[in-house]
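Participant: Just passing along the structure, written as structure tokens.
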There are 2 protein chains.
Amino acid sequence: MILPEPSLRRLPWYLAHVKLLMENSVEFVSSTQIAAATNVDASQVAKDLSMLEISGKTRVGYEVASLVEVLEDFLGFTKCHKACIFGVGSLGGALMHDSGLEQYGLKLVAGFDVRSDIVGKEINGIKIYNISEFEEIQKKEQMVIGIITVPVDKAQESADIMVSGGIGAIWNFTPYKIKVDESVVVQETSLYAHLAVMFNRLNEK
Amino acid sequence: MILPEPSLRRLPWYLAHVKLLMENSVEFVSSTQIAAATNVDASQVAKDLSMLEISGKTRVGYEVASLVEVLEDFLGFTKCHKACIFGVGSLGGALMHDSGLEQYGLKLVAGFDVRSDIVGKEINGIKIYNISEFEEIQKKEQMVIGIITVPVDKAQESADIMVSGGIGAIWNFTPYKIKVDESVVVQETSLYAHLAVMFNRLNEK
């Protein structure tokens with residue numbers, strides 16, 4: 001089911017909250033409680049959760065353990081999505097170090113770069129290849145997600161190489177708006193754009 | 001000037017493009033060219049740029065060097081915003097390694113954690129303190145931005161400590177929706193929420 005992006009972005013908040021409850025051995029939770037904890041309108045929480053295959057019980061609410069399972073499953077965090085990174089610089093290398101991603105369903109299987117001082121090395125057990133080896137590795141690994149952390153002037157080229165190798169979704173961390181065929185999913189996470197929004201709001205205070 | 005968030009998020013795309021032009025010694029650029037390069041509607045680009053203190057010349061467009069300067073200045077990238085990180089784990093440590101942030105106006109001056117094996121150490125020349133030392137360091141450094149990369153169950157507590165020390169803006173990388181006074185700017189960058197959106201779109205294909 002295609003959910004509107006705002007709903008999809010709220011579900012991980014609910015999940016974070018109910019996972020905390022589970023760790024604290026809480027058995028049931030109501031949408032009103034989730035709403036209070038996540039600062040979202042209660043009717044919105046109920047509406048978001050109604051799109052999942054779970055229903056709460058009158059008066060007690062949702063079973064916490066089941067809700068965690070349904071949310072993780074729905075969000076795709078329990079599947080293994082194979083991914084690679086183009087650009088093993090400071091941010092790319094950092095993402096390879098972040099073991100948290102695997103717990104959320106993203107399994108990095110390869111890094112790609114052009115710098116001879118890092119090609120052939122490993123970070124966190126993940127090997128770094130030359131970008132020219134992408135096609136060969138992709139045939140073997142069948143990666144579905146490509147992460148772009150290259151310099152801005154290499155972003156489009158990286159995307160093109162990924163798409164020609166059959167990558168289905170691109171996670172773009174550069175502030176460059178890449179252009180790809182509509183059939184390819186693009187997720188923009190420009191840290192610098194977020195910084196700009198934050199600075200602007202801060203300077204208005 | 002408070003710009004709508006979508007405009008603020010587009011400006012870094014324009015900036016990335018005109019910086020590339022500057023590196024390639026291009027002198028002038030029109031809003032139509034920027035529109036084509038960034039895949040944004042031309043009238044939207046013109047409207048976004050009209051909010052800046054710069055005007056293009058008939059037929060030749062904007063002077064590239066001036067446009068870079070005006071955009072960087074407007075976005076706050078030329079100012080120095082002092083910042084700290086709460087939670088020097090895998091993602092927090094990674095952000096401390098990312099020297100790119102300083103070029104965009106974010107100067108990390110301290111990391112905070114509670115783990116005795118990392119408190120007292122440095123990453124990229126930035127010292128890591130115990131969270132209990134925050135008040136003291138904050139008196140000296142007067143940091144304005146606090147980055148949260150702690151585990152979910154410590155996110156609210158971290159935000160509270162930051163706000164009580166006078167932090168004006170919080171950059172929250174956890175999937176927990178923190179609650180703070182309205183006067184505090186909060187920027188959410190949950191990588192896992194972005195993952196969820198990407199997985200959902202991918203699985204619908």
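Letters for chains follow the order of the structure tokens (A, B, ...), residue numbers begin at 1 for each chain, and ligand numbers begin at 1 in the order shown.
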For the interface of chain B with chain A (cut-off 7 Å, counting only C-alpha atoms), please tabulate each contacting residue of chain B alongside its nearest pair of atoms and their separation in Å to one decimal, rows sorted by chain and increasing number, as a tab-separated table.
Facilitator:
residue	atom	partner	partner_atom	distance
B:Ile2	CA	A:Asn200	CA	6.8
B:Glu5	CA	A:Val197	CA	6.6
B:Leu8	CA	A:Val197	CA	6.0
B:Arg9	CA	A:Ala193	CA	5.2
B:Pro12	CA	A:Ala193	CA	5.9
B:Trp13	CA	A:Tyr176	CA	5.4
B:Ala16	CA	A:Tyr176	CA	6.0
B:Leu20	CA	A:Asp153	CA	6.7
B:Thr38	CA	A:Lys177	CA	5.4
B:Leu75	CA	A:Ala196	CA	5.1
B:Gly76	CA	A:Phe199	CA	5.9
B:Ser90	CA	A:Asp98	CA	5.2
B:Leu91	CA	A:Asp98	CA	5.9
B:Ala94	CA	A:Ala94	CA	4.6
B:His97	CA	A:Ser90	CA	6.3
B:Asp98	CA	A:Ser90	CA	5.1
B:Tyr104	CA	A:Tyr192	CA	6.9
B:Val152	CA	A:Ala16	CA	6.8
B:Asp153	CA	A:Leu20	CA	6.7
B:Gly168	CA	A:Leu202	CA	6.9
B:Ala169	CA	A:Leu202	CA	6.5
B:Pro175	CA	A:Trp13	CA	5.4
B:Tyr176	CA	A:Trp13	CA	5.4
B:Lys177	CA	A:Thr38	CA	5.4
B:Val185	CA	A:Leu202	CA	6.3
B:Gln187	CA	A:Met198	CA	6.2
B:Tyr192	CA	A:Tyr104	CA	6.9
B:Ala193	CA	A:Arg9	CA	5.2
B:His194	CA	A:Gln187	CA	7.0
B:Ala196	CA	A:Leu75	CA	5.1
B:Val197	CA	A:Leu8	CA	6.0
B:Met198	CA	A:Gln187	CA	6.1
B:Phe199	CA	A:Gly76	CA	5.9
B:Asn200	CA	A:Ile2	CA	6.8
B:Arg201	CA	A:Val185	CA	6.6
B:Leu202	CA	A:Val185	CA	6.3
B:Glu204	CA	A:Ile2	CA	6.8
Participant: Please report, as a ChimeraX atom specification, each residue of chain B to which DSSP assigns strand (DSSP E) when run on this structure's backbone.
Facilitator: /B:28-29,62-63,81-86,106-113,122-123,126-130,145-148,169-172,185-188
Participant: How would the residues just chosen look if you wrote them out with N, CA, C and O atoms as a compact mmCIF listing (two decimals), in the first residue's frame?
Facilitator:
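What landed in selection-v5.txt:
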# COMPACT_ATOMS: atom_id res chain seq x y z
N PHE B 28 27.68 33.89 -16.34
CA PHE B 28 26.28 34.25 -16.13
C PHE B 28 25.37 33.02 -16.24
O PHE B 28 25.70 32.06 -16.94
N VAL B 29 24.26 33.07 -15.54
CA VAL B 29 23.30 31.97 -15.61
C VAL B 29 21.88 32.54 -15.52
O VAL B 29 21.63 33.49 -14.77
N TYR B 62 21.80 36.04 -14.14
CA TYR B 62 22.51 36.37 -12.90
C TYR B 62 24.02 36.19 -13.07
O TYR B 62 24.46 35.26 -13.74
N GLU B 63 24.77 37.05 -12.39
CA GLU B 63 26.22 36.87 -12.35
C GLU B 63 26.49 35.68 -11.42
O GLU B 63 26.06 35.70 -10.26
N HIS B 81 28.12 28.80 13.10
CA HIS B 81 27.19 28.39 14.16
C HIS B 81 27.86 27.32 15.01
O HIS B 81 28.10 26.21 14.52
N LYS B 82 28.14 27.64 16.26
CA LYS B 82 28.78 26.66 17.14
C LYS B 82 27.80 25.57 17.55
O LYS B 82 26.66 25.86 17.91
N ALA B 83 28.26 24.33 17.51
CA ALA B 83 27.37 23.22 17.79
C ALA B 83 28.05 22.12 18.61
O ALA B 83 29.27 22.04 18.67
N CYS B 84 27.22 21.29 19.25
CA CYS B 84 27.74 20.12 19.96
C CYS B 84 26.89 18.91 19.58
O CYS B 84 25.80 19.04 19.03
N ILE B 85 27.44 17.74 19.87
CA ILE B 85 26.74 16.48 19.59
C ILE B 85 26.53 15.71 20.89
O ILE B 85 27.47 15.54 21.66
N PHE B 86 25.31 15.28 21.14
CA PHE B 86 25.03 14.39 22.27
C PHE B 86 24.90 12.98 21.70
O PHE B 86 23.99 12.71 20.91
N LEU B 106 28.43 25.03 10.05
CA LEU B 106 28.22 24.35 11.33
C LEU B 106 29.56 23.94 11.92
O LEU B 106 30.23 23.06 11.39
N LYS B 107 29.94 24.60 13.02
CA LYS B 107 31.23 24.29 13.62
C LYS B 107 31.05 23.48 14.90
O LYS B 107 30.61 23.98 15.93
N LEU B 108 31.38 22.19 14.83
CA LEU B 108 31.27 21.33 16.00
C LEU B 108 32.40 21.65 16.96
O LEU B 108 33.57 21.60 16.58
N VAL B 109 32.06 22.01 18.20
CA VAL B 109 33.11 22.33 19.17
C VAL B 109 33.21 21.31 20.30
O VAL B 109 34.21 21.28 21.02
N ALA B 110 32.20 20.45 20.45
CA ALA B 110 32.27 19.44 21.52
C ALA B 110 31.34 18.27 21.25
O ALA B 110 30.27 18.43 20.66
N GLY B 111 31.78 17.09 21.71
CA GLY B 111 30.92 15.92 21.70
C GLY B 111 30.62 15.56 23.16
O GLY B 111 31.43 15.84 24.04
N PHE B 112 29.46 14.97 23.40
CA PHE B 112 29.12 14.55 24.75
C PHE B 112 28.60 13.12 24.73
O PHE B 112 27.85 12.74 23.83
N ASP B 113 29.02 12.35 25.74
CA ASP B 113 28.56 10.97 25.84
C ASP B 113 28.67 10.57 27.32
O ASP B 113 29.05 11.39 28.15
N GLU B 122 39.31 12.40 21.53
CA GLU B 122 39.00 13.40 20.51
C GLU B 122 38.67 12.70 19.20
O GLU B 122 39.19 11.62 18.91
N ILE B 123 37.78 13.30 18.41
CA ILE B 123 37.56 12.85 17.04
C ILE B 123 37.74 14.07 16.15
O ILE B 123 37.07 15.09 16.37
N ILE B 126 38.02 17.30 17.84
CA ILE B 126 36.91 17.76 18.69
C ILE B 126 36.84 16.88 19.93
O ILE B 126 36.73 15.66 19.83
N LYS B 127 36.90 17.51 21.10
CA LYS B 127 36.96 16.74 22.33
C LYS B 127 35.60 16.17 22.75
O LYS B 127 34.57 16.78 22.51
N ILE B 128 35.64 14.98 23.37
CA ILE B 128 34.42 14.34 23.86
C ILE B 128 34.38 14.45 25.38
O ILE B 128 35.32 14.05 26.07
N TYR B 129 33.29 15.05 25.90
CA TYR B 129 33.13 15.25 27.33
C TYR B 129 32.02 14.35 27.86
O TYR B 129 31.20 13.83 27.10
N ASN B 130 31.99 14.24 29.20
CA ASN B 130 30.85 13.57 29.83
C ASN B 130 29.65 14.53 29.77
O ASN B 130 29.83 15.75 29.91
N ILE B 145 23.63 25.37 18.57
CA ILE B 145 22.96 24.22 17.98
C ILE B 145 23.38 22.92 18.68
O ILE B 145 24.56 22.72 18.96
N GLY B 146 22.40 22.08 18.97
CA GLY B 146 22.68 20.79 19.61
C GLY B 146 22.20 19.66 18.71
O GLY B 146 21.06 19.67 18.25
N ILE B 147 23.10 18.72 18.45
CA ILE B 147 22.77 17.59 17.59
C ILE B 147 22.52 16.37 18.46
O ILE B 147 23.33 16.06 19.34
N ILE B 148 21.41 15.68 18.24
CA ILE B 148 21.07 14.52 19.07
C ILE B 148 21.20 13.23 18.27
O ILE B 148 20.47 13.00 17.31
N ALA B 169 18.67 25.75 18.83
CA ALA B 169 18.15 24.87 17.79
C ALA B 169 18.67 23.45 17.99
O ALA B 169 19.84 23.25 18.31
N ILE B 170 17.77 22.50 17.81
CA ILE B 170 18.13 21.09 17.99
C ILE B 170 18.00 20.36 16.66
O ILE B 170 16.98 20.45 15.98
N TRP B 171 19.06 19.66 16.30
CA TRP B 171 19.05 18.83 15.08
C TRP B 171 18.92 17.39 15.56
O TRP B 171 19.88 16.81 16.07
N ASN B 172 17.73 16.83 15.40
CA ASN B 172 17.41 15.53 15.97
C ASN B 172 17.51 14.40 14.93
O ASN B 172 16.70 14.32 14.03
N VAL B 185 14.05 25.89 17.95
CA VAL B 185 13.93 25.36 16.59
C VAL B 185 14.28 23.87 16.61
O VAL B 185 15.29 23.49 17.22
N VAL B 186 13.45 23.04 16.00
CA VAL B 186 13.78 21.62 15.93
C VAL B 186 13.82 21.19 14.46
O VAL B 186 12.88 21.44 13.70
N GLN B 187 14.92 20.60 14.07
CA GLN B 187 15.02 20.03 12.72
C GLN B 187 15.15 18.51 12.85
O GLN B 187 16.08 18.02 13.48
N GLU B 188 14.19 17.81 12.28
CA GLU B 188 14.22 16.34 12.34
C GLU B 188 14.94 15.80 11.11
O GLU B 188 14.58 16.17 9.98
Participant: Would you give me, as a list in words, the residues in segment 73-138 of chain A that DSSP reads as alpha helix (DSSP H)?
Facilitator: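 After running DSSP on the backbone, segment 73-138 of chain A has alpha helix (DSSP H) at Asp73, Phe74, Ser90, Leu91, Gly92, Gly93, Ala94, Leu95, Met96, His97, Gly100, Leu101, Glu102, Gln103, Phe134, Glu135, Glu136, Ile137 and Gln138 of chain A.
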Participant: For atom CA of Ile118 of chain B and atom CA of Glu135 of chain B, quote the distance in Å rounded to one decimal.
Facilitator: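 Separation of atom CA of Ile118 of chain B and atom CA of Glu135 of chain B: 19.1 Å.
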Participant: Would you mind reading off the distance between atom CA of Val68 of chain B and atom CA of Phe173 of chain A, one decimal, in Å?
Facilitator: 20.5 Å
Participant: How many Å separate atom CA of Cys80 of chain B from atom CA of Val64 of chain B?
Facilitator: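 So the two atoms, atom CA of Cys80 of chain B and atom CA of Val64 of chain B, lie 23.6 Å apart.
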